[in-house]
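J.: Let me begin by handing over the structure; questions about it come next.
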Amino acid sequence: MAADNALGEFLKARRGRVPPARAGLPDHGRRRVAGLRRDELARLAGISEPYLTRLEQGVDQHPSPQVLRALARALELDDDARAHLFALAAPTPGPARPAETEVAPDVHQLLDAWAGTPAYVRDRRFDVLAANKWARALAPMYEPGHNLARDMFLDPAARQLFPDWPEIAAQTAAALRAEADPRDPRVGALVAELETDEDFHRLWARHDARPSRDELKRFAHPAVGELALRRQALTVGGAEQQVIIVYQAAPGSPSEAALARLL
């Protein structure tokens, strides 16, 4: 996650994913690059090719909102990727904020009060900071001290735990890119470690960015069997770098009965 030219890397990766035909451009014979050429993207966005070159090379890292909107439209970005593009182009406020590793006592109390409901706290680097006993029983990766992205890609057990592992892995990579601070050296070290995995390397190169949100997630638990749980992501008030993840089963469902057998 190169913080020095994150915008340029994003633009290059995303223009490589836009088929010329879909952009209304002719494809005469064999092309030397996948997706759009630099001059084609510049033309579609209504900017000069030299200016786009400066953006991609990191010479200019703070284009105007008008330019960003034009690039987002030409690159066919969805709302999440568009928000990520604008965040990359925003003036950086200085060094990365110190990691908030201490979880407030009232948050610990809240986690424990959710009887039968797995819940844990992670930071924006996906380090697990706190978890209730139901989360720890649901999966070892929810134990405090674990990193969710590291376990997802480097622990073979994760591929057995999640029947939809390819989709969950893609979500994890996209959420890490959207939420982690590229100025944090610990984030850079984590990404470098994860890139030793071929699946992460491929997903990271796509430059997808999508924060964690409410979604249905399936588990193949070794003791209680399959569960389908709705994930909720909540920001901790007063500690915006911390996120509470809660898993809930539909009332009266087999997954609710399976959760009751976790402990």
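Chain labels A, B, ... are given in the sequence in which chains occur in the structure tokens; within each chain residues are numbered consecutively from 1, and ligands are likewise numbered from 1 in the order shown.
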Could you give me, as JSON lines, a per-residue list for segment 160-219 of chain A showing, wherever an atom lies at most 12 Å from an atom of segment 67-80 of chain A, the closest pair of atoms and their distance in Å to one decimal, using only C-alpha atoms and sorting by chain then residue number from low to high?
T.:
```
{"residue": "A:Ala174", "atom": "CA", "partner": "A:Asp80", "partner_atom": "CA", "distance": 9.8}
{"residue": "A:Ala175", "atom": "CA", "partner": "A:Asp80", "partner_atom": "CA", "distance": 10.1}
{"residue": "A:Arg177", "atom": "CA", "partner": "A:Asp80", "partner_atom": "CA", "distance": 11.1}
{"residue": "A:Ala178", "atom": "CA", "partner": "A:Asp80", "partner_atom": "CA", "distance": 8.3}
{"residue": "A:Glu179", "atom": "CA", "partner": "A:Asp80", "partner_atom": "CA", "distance": 11.2}
{"residue": "A:His207", "atom": "CA", "partner": "A:Leu77", "partner_atom": "CA", "distance": 11.2}
{"residue": "A:Asp208", "atom": "CA", "partner": "A:Asp80", "partner_atom": "CA", "distance": 8.6}
{"residue": "A:Ala209", "atom": "CA", "partner": "A:Asp80", "partner_atom": "CA", "distance": 6.3}
{"residue": "A:Arg210", "atom": "CA", "partner": "A:Asp80", "partner_atom": "CA", "distance": 5.4}
{"residue": "A:Pro211", "atom": "CA", "partner": "A:Asp80", "partner_atom": "CA", "distance": 7.6}
{"residue": "A:Ser212", "atom": "CA", "partner": "A:Asp80", "partner_atom": "CA", "distance": 10.7}
{"residue": "A:Arg213", "atom": "CA", "partner": "A:Asp80", "partner_atom": "CA", "distance": 11.3}
```
J.: Taking all heavy atoms for each residue, export the selection above as an mmCIF file, in the first residue's frame.
T.:
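Written output follows (part.cif):
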```
data_model
loop_
_atom_site.group_PDB
_atom_site.id
_atom_site.type_symbol
_atom_site.label_atom_id
_atom_site.label_comp_id
_atom_site.auth_asym_id
_atom_site.auth_seq_id
_atom_site.Cartn_x
_atom_site.Cartn_y
_atom_site.Cartn_z
ATOM 1 N N ALA A 174 -10.878 -5.727 -0.107
ATOM 2 C CA ALA A 174 -11.473 -4.435 -0.469
ATOM 3 C C ALA A 174 -11.711 -3.574 0.764
ATOM 4 O O ALA A 174 -11.528 -2.351 0.731
ATOM 5 C CB ALA A 174 -12.782 -4.659 -1.225
ATOM 6 N N ALA A 175 -12.122 -4.193 1.873
ATOM 7 C CA ALA A 175 -12.358 -3.433 3.102
ATOM 8 C C ALA A 175 -11.052 -2.937 3.703
ATOM 9 O O ALA A 175 -10.975 -1.819 4.224
ATOM 10 C CB ALA A 175 -13.114 -4.298 4.112
ATOM 11 N N ARG A 177 -8.363 -2.133 2.049
ATOM 12 C CA ARG A 177 -7.919 -0.990 1.252
ATOM 13 C C ARG A 177 -8.748 0.258 1.561
ATOM 14 O O ARG A 177 -8.217 1.376 1.602
ATOM 15 C CB ARG A 177 -7.995 -1.316 -0.240
ATOM 16 C CG ARG A 177 -7.422 -0.199 -1.105
ATOM 17 C CD ARG A 177 -7.433 -0.564 -2.570
ATOM 18 N NE ARG A 177 -6.439 -1.543 -2.942
ATOM 19 C CZ ARG A 177 -5.137 -1.276 -3.101
ATOM 20 N NH1 ARG A 177 -4.669 -0.055 -2.877
ATOM 21 N NH2 ARG A 177 -4.306 -2.222 -3.474
ATOM 22 N N ALA A 178 -10.052 0.068 1.782
ATOM 23 C CA ALA A 178 -10.926 1.217 2.020
ATOM 24 C C ALA A 178 -10.720 1.822 3.404
ATOM 25 O O ALA A 178 -10.851 3.038 3.580
ATOM 26 C CB ALA A 178 -12.385 0.798 1.851
ATOM 27 N N GLU A 179 -10.382 1.006 4.396
ATOM 28 C CA GLU A 179 -10.393 1.476 5.780
ATOM 29 C C GLU A 179 -9.011 1.735 6.368
ATOM 30 O O GLU A 179 -8.860 2.599 7.235
ATOM 31 C CB GLU A 179 -11.124 0.458 6.658
ATOM 32 C CG GLU A 179 -12.592 0.268 6.288
ATOM 33 C CD GLU A 179 -13.310 -0.650 7.259
ATOM 34 O OE1 GLU A 179 -13.020 -0.592 8.468
ATOM 35 O OE2 GLU A 179 -14.149 -1.451 6.804
ATOM 36 N N HIS A 207 -7.397 -3.147 -6.809
ATOM 37 C CA HIS A 207 -7.682 -1.840 -6.200
ATOM 38 C C HIS A 207 -9.163 -1.646 -5.918
ATOM 39 O O HIS A 207 -9.689 -0.533 -5.994
ATOM 40 C CB HIS A 207 -7.148 -0.695 -7.066
ATOM 41 C CG HIS A 207 -5.665 -0.481 -6.927
ATOM 42 N ND1 HIS A 207 -5.120 0.568 -6.230
ATOM 43 C CD2 HIS A 207 -4.618 -1.217 -7.362
ATOM 44 C CE1 HIS A 207 -3.803 0.487 -6.266
ATOM 45 N NE2 HIS A 207 -3.473 -0.594 -6.953
ATOM 46 N N ASP A 208 -9.867 -2.733 -5.572
ATOM 47 C CA ASP A 208 -11.238 -2.586 -5.101
ATOM 48 C C ASP A 208 -11.214 -1.989 -3.700
ATOM 49 O O ASP A 208 -10.336 -2.309 -2.889
ATOM 50 C CB ASP A 208 -11.946 -3.946 -5.064
ATOM 51 C CG ASP A 208 -12.258 -4.472 -6.454
ATOM 52 O OD1 ASP A 208 -12.444 -3.651 -7.375
ATOM 53 O OD2 ASP A 208 -12.307 -5.703 -6.625
ATOM 54 N N ALA A 209 -12.163 -1.126 -3.412
ATOM 55 C CA ALA A 209 -12.249 -0.482 -2.096
ATOM 56 C C ALA A 209 -13.712 -0.462 -1.669
ATOM 57 O O ALA A 209 -14.541 0.180 -2.325
ATOM 58 C CB ALA A 209 -11.691 0.937 -2.155
ATOM 59 N N ARG A 210 -14.006 -1.173 -0.587
ATOM 60 C CA ARG A 210 -15.392 -1.256 -0.123
ATOM 61 C C ARG A 210 -15.396 -1.500 1.379
ATOM 62 O O ARG A 210 -14.972 -2.563 1.837
ATOM 63 C CB ARG A 210 -16.113 -2.405 -0.835
ATOM 64 C CG ARG A 210 -17.587 -2.533 -0.498
ATOM 65 C CD ARG A 210 -18.238 -3.562 -1.416
ATOM 66 N NE ARG A 210 -19.680 -3.648 -1.192
ATOM 67 C CZ ARG A 210 -20.256 -4.552 -0.404
ATOM 68 N NH1 ARG A 210 -19.522 -5.442 0.232
ATOM 69 N NH2 ARG A 210 -21.565 -4.559 -0.257
ATOM 70 N N PRO A 211 -15.819 -0.537 2.181
ATOM 71 C CA PRO A 211 -15.812 -0.722 3.643
ATOM 72 C C PRO A 211 -16.705 -1.870 4.066
ATOM 73 O O PRO A 211 -17.647 -2.259 3.359
ATOM 74 C CB PRO A 211 -16.351 0.619 4.168
ATOM 75 C CG PRO A 211 -16.195 1.582 3.045
ATOM 76 C CD PRO A 211 -16.323 0.786 1.784
ATOM 77 N N SER A 212 -16.413 -2.428 5.242
ATOM 78 C CA SER A 212 -17.275 -3.475 5.805
ATOM 79 C C SER A 212 -18.658 -2.896 6.056
ATOM 80 O O SER A 212 -18.817 -1.771 6.508
ATOM 81 C CB SER A 212 -16.698 -3.985 7.128
ATOM 82 O OG SER A 212 -15.457 -4.605 6.924
ATOM 83 N N ARG A 213 -19.673 -3.696 5.745
ATOM 84 C CA ARG A 213 -21.037 -3.257 5.983
ATOM 85 C C ARG A 213 -21.893 -4.476 6.300
ATOM 86 O O ARG A 213 -21.393 -5.589 6.402
ATOM 87 C CB ARG A 213 -21.582 -2.482 4.789
ATOM 88 C CG ARG A 213 -21.502 -3.207 3.460
ATOM 89 C CD ARG A 213 -22.317 -2.449 2.402
ATOM 90 N NE ARG A 213 -21.914 -1.065 2.303
ATOM 91 C CZ ARG A 213 -21.088 -0.600 1.392
ATOM 92 N NH1 ARG A 213 -20.573 -1.426 0.489
ATOM 93 N NH2 ARG A 213 -20.769 0.672 1.343
#
```
J.: Near Leu41 of chain A, within 9 Å and counting only C-alpha atoms, which residues show up once chain neighbours fewer than 4 positions away are dropped, as a short mmCIF file (atom, residue, chain, number, x, y, z; two decimals) with all heavy atoms, in the first residue's frame?
T.:
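Written file, selection.cif:
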```cif
data_model
loop_
_atom_site.label_atom_id
_atom_site.label_comp_id
_atom_site.auth_asym_id
_atom_site.auth_seq_id
_atom_site.Cartn_x
_atom_site.Cartn_y
_atom_site.Cartn_z
N ARG A 15 -8.06 1.95 -14.76
CA ARG A 15 -8.24 2.12 -16.22
C ARG A 15 -7.92 0.82 -16.94
O ARG A 15 -8.43 0.57 -18.03
CB ARG A 15 -7.41 3.29 -16.74
CG ARG A 15 -5.91 3.13 -16.82
CD ARG A 15 -5.33 4.36 -17.53
NE ARG A 15 -3.88 4.45 -17.40
CZ ARG A 15 -3.04 3.86 -18.24
NH1 ARG A 15 -3.50 3.14 -19.24
NH2 ARG A 15 -1.74 4.01 -18.07
N LEU A 36 -8.17 0.55 -20.84
CA LEU A 36 -7.99 1.80 -21.55
C LEU A 36 -6.53 2.23 -21.58
O LEU A 36 -5.80 2.06 -20.60
CB LEU A 36 -8.81 2.91 -20.87
CG LEU A 36 -10.32 2.73 -20.79
CD1 LEU A 36 -10.94 3.89 -20.03
CD2 LEU A 36 -10.94 2.59 -22.17
N ARG A 37 -6.12 2.82 -22.70
CA ARG A 37 -4.82 3.48 -22.73
C ARG A 37 -4.94 4.83 -22.02
O ARG A 37 -6.04 5.35 -21.82
CB ARG A 37 -4.36 3.67 -24.18
CG ARG A 37 -4.09 2.37 -24.92
CD ARG A 37 -3.35 2.65 -26.23
NE ARG A 37 -4.13 3.51 -27.09
CZ ARG A 37 -4.92 3.05 -28.07
NH1 ARG A 37 -5.03 1.76 -28.29
NH2 ARG A 37 -5.59 3.89 -28.84
N ALA A 45 -12.37 11.48 -19.96
CA ALA A 45 -12.55 12.33 -18.79
C ALA A 45 -12.49 13.82 -19.12
O ALA A 45 -12.77 14.66 -18.24
CB ALA A 45 -11.49 11.99 -17.73
N GLY A 46 -12.10 14.14 -20.33
CA GLY A 46 -12.03 15.55 -20.72
C GLY A 46 -10.86 16.29 -20.11
O GLY A 46 -10.96 17.49 -19.84
N ILE A 47 -9.76 15.57 -19.90
CA ILE A 47 -8.54 16.22 -19.39
C ILE A 47 -7.41 15.91 -20.36
O ILE A 47 -7.52 15.04 -21.22
CB ILE A 47 -8.18 15.73 -17.97
CG1 ILE A 47 -7.89 14.23 -17.98
CG2 ILE A 47 -9.28 16.06 -16.99
CD1 ILE A 47 -7.46 13.68 -16.62
N GLU A 49 -3.81 14.49 -21.71
CA GLU A 49 -3.00 13.32 -21.40
C GLU A 49 -1.78 13.67 -20.54
O GLU A 49 -1.45 12.92 -19.61
CB GLU A 49 -2.56 12.63 -22.70
CG GLU A 49 -1.79 11.34 -22.43
CD GLU A 49 -1.36 10.66 -23.71
OE1 GLU A 49 -1.74 11.12 -24.82
OE2 GLU A 49 -0.62 9.65 -23.63
N LEU A 52 -3.00 13.76 -16.98
CA LEU A 52 -3.26 12.42 -16.46
C LEU A 52 -1.94 11.71 -16.16
O LEU A 52 -1.84 10.99 -15.16
CB LEU A 52 -4.09 11.61 -17.46
CG LEU A 52 -4.40 10.17 -17.05
CD1 LEU A 52 -5.15 10.12 -15.72
CD2 LEU A 52 -5.21 9.47 -18.14
N LEU A 71 -13.11 11.64 -13.81
CA LEU A 71 -12.36 10.37 -13.81
C LEU A 71 -13.23 9.24 -13.29
O LEU A 71 -13.20 8.12 -13.82
CB LEU A 71 -11.10 10.51 -12.96
CG LEU A 71 -9.96 11.33 -13.58
CD1 LEU A 71 -8.89 11.63 -12.53
CD2 LEU A 71 -9.36 10.59 -14.76
N ALA A 74 -15.57 8.23 -16.07
CA ALA A 74 -14.88 7.53 -17.15
C ALA A 74 -14.42 6.13 -16.73
O ALA A 74 -14.40 5.21 -17.55
CB ALA A 74 -13.69 8.36 -17.63
N LEU A 75 -14.06 5.98 -15.48
CA LEU A 75 -13.59 4.68 -14.98
C LEU A 75 -14.73 3.78 -14.52
O LEU A 75 -14.48 2.67 -14.06
CB LEU A 75 -12.61 4.91 -13.81
CG LEU A 75 -11.27 5.53 -14.19
CD1 LEU A 75 -10.49 5.92 -12.94
CD2 LEU A 75 -10.45 4.58 -15.05
#
```
J.: What residues in segment 19-263 of chain A get the DSSP label strand (DSSP E)? Please answer as a PDB file with N, CA and C atoms, in the first residue's frame.
T.:
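Ended up saving to selection-v3.pdb:
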```
ATOM      1  N   ALA A 119     -19.666 -11.114  18.981  1.00  0.00           N
ATOM      2  CA  ALA A 119     -19.332  -9.707  18.732  1.00  0.00           C
ATOM      3  C   ALA A 119     -17.881  -9.470  19.103  1.00  0.00           C
ATOM      4  N   TYR A 120     -17.218  -8.648  18.324  1.00  0.00           N
ATOM      5  CA  TYR A 120     -15.821  -8.316  18.627  1.00  0.00           C
ATOM      6  C   TYR A 120     -15.522  -6.895  18.160  1.00  0.00           C
ATOM      7  N   VAL A 121     -14.395  -6.369  18.598  1.00  0.00           N
ATOM      8  CA  VAL A 121     -13.929  -5.041  18.201  1.00  0.00           C
ATOM      9  C   VAL A 121     -12.636  -5.215  17.414  1.00  0.00           C
ATOM     10  N   ARG A 122     -12.567  -4.574  16.271  1.00  0.00           N
ATOM     11  CA  ARG A 122     -11.322  -4.547  15.500  1.00  0.00           C
ATOM     12  C   ARG A 122     -10.966  -3.109  15.180  1.00  0.00           C
ATOM     13  N   ASP A 123      -9.700  -2.895  14.809  1.00  0.00           N
ATOM     14  CA  ASP A 123      -9.309  -1.557  14.370  1.00  0.00           C
ATOM     15  C   ASP A 123      -9.316  -1.516  12.848  1.00  0.00           C
ATOM     16  N   VAL A 128      -7.845  -7.634  15.865  1.00  0.00           N
ATOM     17  CA  VAL A 128      -8.922  -7.858  16.832  1.00  0.00           C
ATOM     18  C   VAL A 128      -8.451  -7.362  18.200  1.00  0.00           C
ATOM     19  N   LEU A 129      -9.223  -6.450  18.777  1.00  0.00           N
ATOM     20  CA  LEU A 129      -8.844  -5.821  20.048  1.00  0.00           C
ATOM     21  C   LEU A 129      -9.608  -6.390  21.235  1.00  0.00           C
ATOM     22  N   ALA A 130     -10.809  -6.873  21.024  1.00  0.00           N
ATOM     23  CA  ALA A 130     -11.632  -7.427  22.106  1.00  0.00           C
ATOM     24  C   ALA A 130     -12.698  -8.306  21.471  1.00  0.00           C
ATOM     25  N   ALA A 131     -13.181  -9.297  22.221  1.00  0.00           N
ATOM     26  CA  ALA A 131     -14.219 -10.187  21.700  1.00  0.00           C
ATOM     27  C   ALA A 131     -14.945 -10.838  22.863  1.00  0.00           C
ATOM     28  N   GLU A 215     -23.913  -7.558   5.957  1.00  0.00           N
ATOM     29  CA  GLU A 215     -24.015  -8.589   4.928  1.00  0.00           C
ATOM     30  C   GLU A 215     -24.270  -9.936   5.588  1.00  0.00           C
ATOM     31  N   LEU A 216     -24.793 -10.871   4.811  1.00  0.00           N
ATOM     32  CA  LEU A 216     -24.986 -12.238   5.282  1.00  0.00           C
ATOM     33  C   LEU A 216     -23.692 -13.020   5.066  1.00  0.00           C
ATOM     34  N   LYS A 217     -23.288 -13.755   6.096  1.00  0.00           N
ATOM     35  CA  LYS A 217     -22.032 -14.498   6.035  1.00  0.00           C
ATOM     36  C   LYS A 217     -22.287 -15.929   6.490  1.00  0.00           C
ATOM     37  N   ARG A 218     -21.770 -16.897   5.734  1.00  0.00           N
ATOM     38  CA  ARG A 218     -21.957 -18.303   6.084  1.00  0.00           C
ATOM     39  C   ARG A 218     -20.697 -18.872   6.720  1.00  0.00           C
ATOM     40  N   PHE A 219     -20.903 -19.687   7.740  1.00  0.00           N
ATOM     41  CA  PHE A 219     -19.816 -20.371   8.433  1.00  0.00           C
ATOM     42  C   PHE A 219     -20.056 -21.880   8.369  1.00  0.00           C
ATOM     43  N   ALA A 220     -18.984 -22.639   8.255  1.00  0.00           N
ATOM     44  CA  ALA A 220     -19.041 -24.094   8.388  1.00  0.00           C
ATOM     45  C   ALA A 220     -18.281 -24.443   9.659  1.00  0.00           C
ATOM     46  N   HIS A 221     -18.984 -24.362  10.788  1.00  0.00           N
ATOM     47  CA  HIS A 221     -18.329 -24.540  12.087  1.00  0.00           C
ATOM     48  C   HIS A 221     -18.057 -26.019  12.327  1.00  0.00           C
ATOM     49  N   GLY A 225     -21.873 -27.073  12.954  1.00  0.00           N
ATOM     50  CA  GLY A 225     -22.340 -27.135  11.578  1.00  0.00           C
ATOM     51  C   GLY A 225     -22.461 -25.771  10.913  1.00  0.00           C
ATOM     52  N   GLU A 226     -23.301 -25.690   9.905  1.00  0.00           N
ATOM     53  CA  GLU A 226     -23.395 -24.479   9.099  1.00  0.00           C
ATOM     54  C   GLU A 226     -24.252 -23.418   9.783  1.00  0.00           C
ATOM     55  N   LEU A 227     -23.790 -22.182   9.703  1.00  0.00           N
ATOM     56  CA  LEU A 227     -24.534 -21.037  10.221  1.00  0.00           C
ATOM     57  C   LEU A 227     -24.589 -19.965   9.140  1.00  0.00           C
ATOM     58  N   ALA A 228     -25.717 -19.284   9.071  1.00  0.00           N
ATOM     59  CA  ALA A 228     -25.873 -18.111   8.210  1.00  0.00           C
ATOM     60  C   ALA A 228     -26.183 -16.932   9.124  1.00  0.00           C
ATOM     61  N   LEU A 229     -25.234 -16.006   9.231  1.00  0.00           N
ATOM     62  CA  LEU A 229     -25.345 -14.918  10.206  1.00  0.00           C
ATOM     63  C   LEU A 229     -25.277 -13.576   9.505  1.00  0.00           C
ATOM     64  N   ARG A 230     -26.093 -12.640   9.974  1.00  0.00           N
ATOM     65  CA  ARG A 230     -26.094 -11.283   9.454  1.00  0.00           C
ATOM     66  C   ARG A 230     -25.049 -10.469  10.206  1.00  0.00           C
ATOM     67  N   ARG A 231     -24.110  -9.884   9.458  1.00  0.00           N
ATOM     68  CA  ARG A 231     -23.046  -9.084  10.058  1.00  0.00           C
ATOM     69  C   ARG A 231     -23.445  -7.616  10.092  1.00  0.00           C
ATOM     70  N   GLN A 232     -23.266  -7.001  11.253  1.00  0.00           N
ATOM     71  CA  GLN A 232     -23.466  -5.566  11.425  1.00  0.00           C
ATOM     72  C   GLN A 232     -22.126  -4.936  11.797  1.00  0.00           C
ATOM     73  N   ALA A 233     -21.798  -3.800  11.208  1.00  0.00           N
ATOM     74  CA  ALA A 233     -20.561  -3.081  11.511  1.00  0.00           C
ATOM     75  C   ALA A 233     -20.911  -1.734  12.119  1.00  0.00           C
ATOM     76  N   LEU A 234     -20.422  -1.474  13.329  1.00  0.00           N
ATOM     77  CA  LEU A 234     -20.758  -0.265  14.083  1.00  0.00           C
ATOM     78  C   LEU A 234     -19.478   0.441  14.506  1.00  0.00           C
ATOM     79  N   THR A 235     -19.403   1.744  14.265  1.00  0.00           N
ATOM     80  CA  THR A 235     -18.247   2.522  14.710  1.00  0.00           C
ATOM     81  C   THR A 235     -18.378   2.851  16.190  1.00  0.00           C
ATOM     82  N   VAL A 236     -17.294   2.723  16.927  1.00  0.00           N
ATOM     83  CA  VAL A 236     -17.292   3.029  18.350  1.00  0.00           C
ATOM     84  C   VAL A 236     -17.241   4.542  18.536  1.00  0.00           C
ATOM     85  N   ALA A 239     -14.008   6.680  19.470  1.00  0.00           N
ATOM     86  CA  ALA A 239     -12.833   5.916  19.042  1.00  0.00           C
ATOM     87  C   ALA A 239     -13.094   5.474  17.604  1.00  0.00           C
ATOM     88  N   GLU A 240     -13.030   6.432  16.680  1.00  0.00           N
ATOM     89  CA  GLU A 240     -13.476   6.184  15.309  1.00  0.00           C
ATOM     90  C   GLU A 240     -12.624   5.169  14.574  1.00  0.00           C
ATOM     91  N   GLN A 241     -11.441   4.846  15.093  1.00  0.00           N
ATOM     92  CA  GLN A 241     -10.618   3.826  14.450  1.00  0.00           C
ATOM     93  C   GLN A 241     -11.025   2.414  14.859  1.00  0.00           C
ATOM     94  N   GLN A 242     -11.989   2.311  15.760  1.00  0.00           N
ATOM     95  CA  GLN A 242     -12.444   1.003  16.210  1.00  0.00           C
ATOM     96  C   GLN A 242     -13.839   0.711  15.663  1.00  0.00           C
ATOM     97  N   VAL A 243     -14.052  -0.550  15.303  1.00  0.00           N
ATOM     98  CA  VAL A 243     -15.313  -0.988  14.718  1.00  0.00           C
ATOM     99  C   VAL A 243     -15.806  -2.207  15.493  1.00  0.00           C
ATOM    100  N   ILE A 244     -17.082  -2.190  15.862  1.00  0.00           N
ATOM    101  CA  ILE A 244     -17.711  -3.357  16.483  1.00  0.00           C
ATOM    102  C   ILE A 244     -18.381  -4.181  15.381  1.00  0.00           C
ATOM    103  N   ILE A 245     -18.042  -5.453  15.317  1.00  0.00           N
ATOM    104  CA  ILE A 245     -18.679  -6.373  14.389  1.00  0.00           C
ATOM    105  C   ILE A 245     -19.571  -7.313  15.190  1.00  0.00           C
ATOM    106  N   VAL A 246     -20.835  -7.397  14.796  1.00  0.00           N
ATOM    107  CA  VAL A 246     -21.815  -8.226  15.497  1.00  0.00           C
ATOM    108  C   VAL A 246     -22.429  -9.198  14.497  1.00  0.00           C
ATOM    109  N   TYR A 247     -22.564 -10.453  14.908  1.00  0.00           N
ATOM    110  CA  TYR A 247     -23.203 -11.471  14.065  1.00  0.00           C
ATOM    111  C   TYR A 247     -24.520 -11.890  14.705  1.00  0.00           C
ATOM    112  N   GLN A 248     -25.594 -11.842  13.926  1.00  0.00           N
ATOM    113  CA  GLN A 248     -26.913 -12.213  14.419  1.00  0.00           C
ATOM    114  C   GLN A 248     -27.550 -13.259  13.511  1.00  0.00           C
TER     115      GLN A 248
END
```
J.: I'd like to know which of A:Arg159, A:Arg125, A:His201, A:Lys12 is closest to Gly145 of chain A, using only C-alpha atoms.
T.: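 For Gly145 of chain A, the nearest of the candidates is A:Arg125.
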J.: So, counting only C-alpha atoms, which residue among A:Ala135, A:Leu11, A:Ala90, A:Ala34 is closest to Asp112 of chain A?
T.: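 The answer is A:Ala135, which sits nearest to Asp112 of chain A.
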